[in-house]
>>> print(open('run_30.txt').read())   # compact mmCIF, C-alpha atoms
# COMPACT_ATOMS: atom_id res chain seq x y z
CA MET A 1 -19.51 40.09 -9.18
CA PRO A 2 -16.22 40.01 -11.09
CA GLN A 3 -16.25 39.58 -14.83
CA PHE A 4 -13.75 36.72 -14.62
CA SER A 5 -13.32 33.34 -12.95
CA ILE A 6 -10.44 31.97 -10.93
CA LEU A 7 -10.02 28.50 -12.42
CA ALA A 8 -7.58 26.76 -10.08
CA THR A 9 -4.61 27.18 -7.78
CA ASN A 10 -1.39 26.90 -9.80
CA HIS A 11 1.29 26.78 -7.09
CA THR A 12 2.58 28.20 -3.85
CA SER A 13 6.06 29.72 -4.01
CA PHE A 14 8.83 30.12 -1.45
CA THR A 15 12.12 31.95 -1.86
CA VAL A 16 14.92 29.79 -0.48
CA SER A 17 18.61 30.34 0.20
CA ASP A 18 19.90 26.97 -1.08
CA LEU A 19 17.79 25.35 -3.79
CA ASP A 20 19.56 21.98 -3.56
CA ARG A 21 18.99 21.79 0.21
CA SER A 22 15.32 22.76 -0.18
CA ILE A 23 14.73 20.22 -2.95
CA ASP A 24 16.27 17.54 -0.72
CA PHE A 25 14.04 18.56 2.21
CA TYR A 26 10.77 18.53 0.29
CA VAL A 27 11.60 15.41 -1.75
CA LYS A 28 13.65 13.22 0.61
CA VAL A 29 12.12 14.21 3.96
CA LEU A 30 8.49 14.91 3.02
CA GLY A 31 8.31 12.49 0.07
CA PHE A 32 7.14 14.99 -2.54
CA LYS A 33 7.97 14.53 -6.24
CA PHE A 34 10.66 16.60 -7.96
CA LEU A 35 9.29 17.92 -11.27
CA ASN A 36 11.97 20.17 -12.76
CA ARG A 37 14.59 22.85 -12.19
CA SER A 38 15.73 25.63 -14.48
CA PRO A 39 17.06 29.20 -14.52
CA ARG A 40 14.80 32.02 -15.71
CA ASP A 41 15.47 34.76 -18.23
CA LEU A 42 16.70 37.92 -16.49
CA SER A 43 14.51 40.37 -18.44
CA PHE A 44 11.38 38.26 -17.87
CA THR A 45 12.11 37.84 -14.15
CA GLU A 46 12.85 41.54 -13.57
CA LYS A 47 9.49 42.47 -15.10
CA VAL A 48 7.40 39.85 -13.33
CA VAL A 49 8.85 40.23 -9.82
CA GLY A 50 9.64 43.96 -10.01
CA VAL A 51 13.22 43.52 -8.78
CA PRO A 52 15.95 45.01 -11.00
CA GLY A 53 18.76 42.51 -11.59
CA ALA A 54 16.72 39.54 -10.33
CA GLN A 55 18.51 36.39 -11.40
CA ILE A 56 16.80 33.18 -10.28
CA ASP A 57 16.77 29.41 -10.46
CA VAL A 58 13.38 27.75 -10.02
CA ALA A 59 12.38 24.22 -9.02
CA TYR A 60 8.90 22.73 -9.00
CA ILE A 61 7.95 20.09 -6.44
CA GLN A 62 4.64 18.21 -6.51
CA ALA A 63 2.98 17.70 -3.14
CA PRO A 64 -0.22 15.64 -2.93
CA GLY A 65 -2.82 17.86 -4.58
CA HIS A 66 -0.60 20.95 -4.73
CA ARG A 67 2.52 22.20 -6.48
CA LEU A 68 5.32 24.10 -4.74
CA GLU A 69 7.66 26.47 -6.55
CA LEU A 70 11.04 26.98 -4.87
CA ILE A 71 13.05 30.00 -6.03
CA GLN A 72 16.68 30.77 -5.28
CA TYR A 73 17.71 34.35 -6.09
CA ASN A 74 21.36 34.55 -7.19
CA ALA A 75 21.08 38.32 -7.66
CA PRO A 76 20.67 41.12 -6.71
CA ALA A 77 23.33 41.13 -4.00
CA ASP A 78 21.24 43.18 -1.53
CA ARG A 79 18.58 40.53 -0.91
CA GLY A 80 17.64 39.84 2.70
CA GLU A 81 15.94 37.29 4.90
CA VAL A 82 12.39 37.37 6.29
CA MET A 83 11.66 35.80 9.67
CA SER A 84 8.08 36.72 10.44
CA ARG A 85 6.03 35.36 13.30
CA PRO A 86 2.55 33.91 12.84
CA CYS A 87 1.10 37.10 14.41
CA ASP A 88 2.86 39.43 11.91
CA THR A 89 0.80 40.88 9.08
CA GLY A 90 1.82 39.26 5.81
CA PHE A 91 2.82 35.98 7.46
CA ALA A 92 1.94 32.94 5.36
CA HIS A 93 2.18 29.19 5.70
CA VAL A 94 1.19 26.07 3.81
CA ALA A 95 -0.64 23.21 5.55
CA PHE A 96 -0.64 19.52 4.70
CA ASP A 97 -2.88 16.76 6.02
CA VAL A 98 -0.88 13.80 7.33
CA ASP A 99 -1.69 10.35 8.67
CA ASP A 100 0.86 10.30 11.53
CA ILE A 101 1.78 13.72 12.90
CA ASP A 102 4.32 12.37 15.41
CA SER A 103 6.26 10.59 12.66
CA VAL A 104 6.24 13.75 10.54
CA VAL A 105 7.58 15.83 13.43
CA ALA A 106 10.32 13.26 14.05
CA ALA A 107 11.31 13.25 10.35
CA VAL A 108 11.42 17.02 9.93
CA SER A 109 13.22 17.46 13.25
CA ALA A 110 15.88 14.94 12.21
CA ALA A 111 16.31 16.95 8.98
CA GLY A 112 16.93 20.18 10.89
CA ALA A 113 13.43 21.66 10.62
CA GLU A 114 12.17 23.46 13.69
CA PRO A 115 8.78 22.53 15.23
CA LEU A 116 7.29 25.55 17.00
CA SER A 117 5.66 23.23 19.57
CA GLU A 118 4.65 19.63 20.07
CA PRO A 119 1.49 18.55 18.17
CA VAL A 120 -1.54 20.15 19.80
CA VAL A 121 -5.16 18.92 19.82
CA ILE A 122 -7.34 21.24 17.72
CA ASN A 123 -10.28 22.47 19.82
CA ALA A 124 -12.38 24.40 17.27
CA GLY A 125 -13.16 24.68 13.58
CA PRO A 126 -13.35 22.11 10.79
CA ASN A 127 -10.33 20.14 12.07
CA SER A 128 -11.56 19.99 15.69
CA GLY A 129 -10.43 16.85 17.48
CA GLY A 130 -7.40 16.40 15.25
CA LYS A 131 -3.85 17.54 15.93
CA ALA A 132 -1.75 20.32 14.41
CA VAL A 133 1.84 21.52 14.57
CA TYR A 134 3.73 24.35 12.91
CA THR A 135 7.28 23.62 11.77
CA ARG A 136 9.83 25.64 9.85
CA ASP A 137 11.81 24.33 6.90
CA PRO A 138 15.58 24.99 6.72
CA ASP A 139 14.92 28.56 5.49
CA GLY A 140 12.29 29.38 8.10
CA VAL A 141 9.26 28.81 5.82
CA THR A 142 6.37 27.71 8.03
CA ILE A 143 4.70 24.41 7.24
CA GLU A 144 1.69 23.23 9.23
CA PHE A 145 0.89 19.54 9.50
CA ILE A 146 -2.63 18.45 10.44
CA GLN A 147 -3.71 14.98 11.48
CA LYS A 148 -7.47 14.58 11.24
CA LYS A 149 -9.56 13.37 14.18
CA PRO A 150 -9.73 9.56 14.36
CA SER A 151 -12.97 8.24 12.88
>>> encode(input="run_30.txt", output="structure tokens")
Amino acid sequence: MPQFSILATNHTSFTVSDLDRSIDFYVKVLGFKFLNRSPRDLSFTEKVVGVPGAQIDVAYIQAPGHRLELIQYNAPADRGEVMSRPCDTGFAHVAFDVDDIDSVVAAVSAAGAEPLSEPVVINAGPNSGGKAVYTRDPDGVTIEFIQKKPS
């Protein structure tokens, strides 16, 4: 047994290409609450993330029961883009329970997000009988929406 305790989840973070666009997506399309936005100190950021010259702006968005951190790197110049598939090692996504999955898909689609399929009935596990769909935000970050089985 470890000699420490994990106390809580603090946030989930995504690196984005356009912080304003991402804030708009998560706040205006998904209805989350904007908390704050600020740049970070270069020397602190370089040490924490292990990227020399890392210059970032950070925004915090509050989802129901979970906080998202959105980071836009302004430097270094040689940063790239990740487009992993769900089957690729290291792939990650965040999932949110919703009350109307079809309305969510319509809203994110209208905002330029990309559903990977139509909502599909879940046939196993704790959400069995509900529906799920993977979508991608404007930067390709995968978001899963789950509608629980009707009671």
>>> closest_residue(input="run_30.txt", among="A:Ala132, A:Ala8, A:Ala95, A:Ala59", to="Tyr73 in chain A", atoms="all atoms listed in the file")
A:Ala59
>>> closest_residue(input="run_30.txt", among="A:Met1, A:Val94, A:Val51, A:Ala111", to="His66 in chain A", atoms="all atoms listed in the file")
A:Val94
>>> atom_distance(input="run_30.txt", atom1="CA of Glu118 in chain A", atom2="CA of Ser151 in chain A")
22.2 Å
>>> residues_around(input="run_30.txt", residues="range 24-32 of chain A", least_positions_apart="6", cutoff="7 Å", atoms="all atoms listed in the file", output="list in words")
Ile61, Gln62, Ala63, Ala107 and Val108 of chain A
>>> residues_near_point(input="run_30.txt", point="(13.9, 32.4, -10.2)", cutoff="8 Å", atoms="all atoms listed in the file", output="JSON, numbers by chain")
{"A": [39, 40, 45, 54, 55, 56, 57, 58, 71, 72, 73]}
>>> axis_aligned_box(input="run_30.txt", around="range 146-150 of chain A", padding_each_side="3 Å", output="AutoDock Vina command-line options")
--center_x -6.2 --center_y 14.0 --center_z 12.4 --size_x 13.1 --size_y 14.9 --size_z 9.9
